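Quick notes on the structure that follows.
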Amino acid sequence: MRALISTYDKTGLEAFARGLAELGAELVASGGTADFLEERGLAVTRVEELTEVPEMLGGRVKTLHPRIHAAILARRDQDDDLAALDAHSIEPFDLVVVNLYPFREVAGRYGVREEEAVEMIDVGGPSMLRGAAKNFAHVAPVCRPEQYDAVLGELREAGALLDETRRRLAAEAFAETAAYEASIAAWFADRDSFPARLIPAFRKELELAYGENPHQRGAYYVELGARRHLLSMVEQLHGRELSFNNLHDLSAARLLLDEFALPACVIVKHANPCGAAAAGSIEEAYEHALASDPVSAYGGVVALNRPVGARLGVRIAVQFVEVFMAPGFVEAALVALRS
């Protein structure tokens, strides 16, 4: 087995690389990754030993070479591909371990200069990942530290990665590079309020038990780079896991609640407000909102824009509420609601 490793984020890399070496893998690494592994006592073949060309342009060019990409893209079931490798004395890679420069994190910093952001646009990393993902039948792309344990475990158990595993890793690698390119495109287009192409990217935040109905599937995704989303700065204090319908109703309640500056309460059932009121106090706002339609309020989502005191907590505790959200709760209110 032969592994090409080039990572910006070194989280978990030492243990992963050591595990590969114990399985007999040859480790090939570029630049800082090779330094990192050698400092930890691991034998490494440096990329420039294969290419016979030193890193150029301050590290901008190091893996962009036919001896690297041919080793990634060669199809083991094609005689012409194997003959080409033999003719140029190129050994193929079985594993490509690459994670990308943190463009989104750097470009999103306050006051970052354009030159700094541009230097975080990775060129070689996405090329290697995409090549490995395209050739997933023979090469496994590993693009995140979270994948290391599962990959190493399967290699130890089965001696090789299953076809389905390589295919799943390819899908994740293409998703990774697509999201990466989307964040760069968005950064370049941020001077245009309505660019010709808008390409958002999302990551999965929660796996939901089911969708809008029990026979449907559901998950909650957050837009990459978004500073605020439905569950940002939210702490769950009690109760079971949130469902698709809980999130749908909570979104409607929060959007409506944002319209009020006065103490306000919004009660939502099946994505529609069945009660909404603003008043001089949050207790009064709740009573008015509940009075709008107390029947539909049963099992609904209640959202308040003021902290909950003991008296209001006890009052709401007698009503069946699926989700109850507020900026804060006194301890006595929490005791009543948790009971």
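A note on labels: chains of the structure tokens are A, B, ... as shown, every chain counts residues from 1, and ligands are counted from 1 in their shown order.
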- Message: If DSSP is run on the backbone, what residues of stretch 152-323 of chain A are alpha helix (DSSP H)? A reply as a VMD selection string would be ideal.
- Response: chain A and resid 152 to 158 163 to 188 244 to 257 282 to 292 310 to 317
- Task: Determine which residues of stretch 3-138 of chain A receive a DSSP assignment of strand (DSSP E or B), computed from the backbone, and state them as a ChimeraX atom specification.
- Result: /A:3-7,26-29,45-46,56,61,95-99
Can those selected residues be exported to a file as a short mmCIF file (atom, residue, chain, number, x, y, z; two decimals), in the first residue's frame so that it contains C-alpha atoms?
data_model
loop_
_atom_site.label_atom_id
_atom_site.label_comp_id
_atom_site.auth_asym_id
_atom_site.auth_seq_id
_atom_site.Cartn_x
_atom_site.Cartn_y
_atom_site.Cartn_z
CA ALA A 3 -0.24 6.68 0.71
CA LEU A 4 0.19 10.26 -0.46
CA ILE A 5 -0.27 12.68 2.44
CA SER A 6 -0.55 16.48 2.21
CA THR A 7 -2.53 18.14 5.00
CA GLU A 26 4.89 3.62 2.22
CA LEU A 27 4.25 7.22 3.25
CA VAL A 28 4.82 9.92 0.63
CA ALA A 29 4.37 13.48 1.86
CA THR A 45 9.42 9.72 1.01
CA ARG A 46 9.29 13.38 0.08
CA MET A 56 8.70 26.37 -6.28
CA VAL A 61 4.00 24.43 -6.82
CA LEU A 95 -4.59 6.30 -0.59
CA VAL A 96 -4.60 10.09 -0.98
CA VAL A 97 -4.86 11.94 2.34
CA VAL A 98 -5.41 15.65 1.75
CA ASN A 99 -7.15 18.43 3.60
#
- Item | Residue contacts of A:Gly309 (10 Å, only C-alpha atoms) excluding same-chain residues fewer than 5 positions away, as a PyMOL selection string | chain A and resi 282-283+314+328-334
- Could you name the residues that touch A:Leu206 at 10 Å or less, counting only C-alpha atoms, but leaving out those on the same chain fewer than 6 positions away, as a PyMOL selection string? chain A and resi 218-222+241-244
Would you output that residue set with N, CA and C atoms, as a PDB file, in the first residue's frame?
ATOM      1  N   GLY A 218     -35.302  12.918   7.356  1.00  0.00           N
ATOM      2  CA  GLY A 218     -35.035  14.331   7.556  1.00  0.00           C
ATOM      3  C   GLY A 218     -33.682  14.577   8.210  1.00  0.00           C
ATOM      4  N   ALA A 219     -33.081  15.722   7.905  1.00  0.00           N
ATOM      5  CA  ALA A 219     -31.835  16.151   8.534  1.00  0.00           C
ATOM      6  C   ALA A 219     -31.824  17.671   8.537  1.00  0.00           C
ATOM      7  N   TYR A 220     -31.036  18.244   9.444  1.00  0.00           N
ATOM      8  CA  TYR A 220     -30.938  19.702   9.554  1.00  0.00           C
ATOM      9  C   TYR A 220     -29.554  20.147   9.100  1.00  0.00           C
ATOM     10  N   TYR A 221     -29.508  21.049   8.117  1.00  0.00           N
ATOM     11  CA  TYR A 221     -28.259  21.525   7.549  1.00  0.00           C
ATOM     12  C   TYR A 221     -28.066  23.015   7.854  1.00  0.00           C
ATOM     13  N   VAL A 222     -26.794  23.391   7.987  1.00  0.00           N
ATOM     14  CA  VAL A 222     -26.421  24.782   8.260  1.00  0.00           C
ATOM     15  C   VAL A 222     -25.535  25.275   7.123  1.00  0.00           C
ATOM     16  N   GLU A 241     -34.877  14.776  21.712  1.00  0.00           N
ATOM     17  CA  GLU A 241     -34.242  15.383  20.550  1.00  0.00           C
ATOM     18  C   GLU A 241     -35.274  16.088  19.677  1.00  0.00           C
ATOM     19  N   LEU A 242     -34.842  17.163  19.037  1.00  0.00           N
ATOM     20  CA  LEU A 242     -35.734  17.928  18.175  1.00  0.00           C
ATOM     21  C   LEU A 242     -36.088  17.146  16.915  1.00  0.00           C
ATOM     22  N   SER A 243     -37.320  17.322  16.466  1.00  0.00           N
ATOM     23  CA  SER A 243     -37.792  16.670  15.249  1.00  0.00           C
ATOM     24  C   SER A 243     -37.817  17.672  14.093  1.00  0.00           C
ATOM     25  N   PHE A 244     -38.069  17.174  12.897  1.00  0.00           N
ATOM     26  CA  PHE A 244     -38.206  18.048  11.726  1.00  0.00           C
ATOM     27  C   PHE A 244     -39.308  19.085  11.960  1.00  0.00           C
TER      28      PHE A 244
END
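Comparing the minimum interatomic distances between A:Glu164 and each of A:Phe136, A:Phe36, A:Ile184, A:Ala189, counting only C-alpha atoms, we find that A:Phe136 sits nearest.
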- Task: Have a look at atom CA of A:Thr63 and atom CA of A:Asp149 and let me know their distance in Å, one decimal.
- Result: 25.7 Å
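Take atom CA of A:Ala117 and atom CA of A:Ala178: the distance between them is 18.1 Å.
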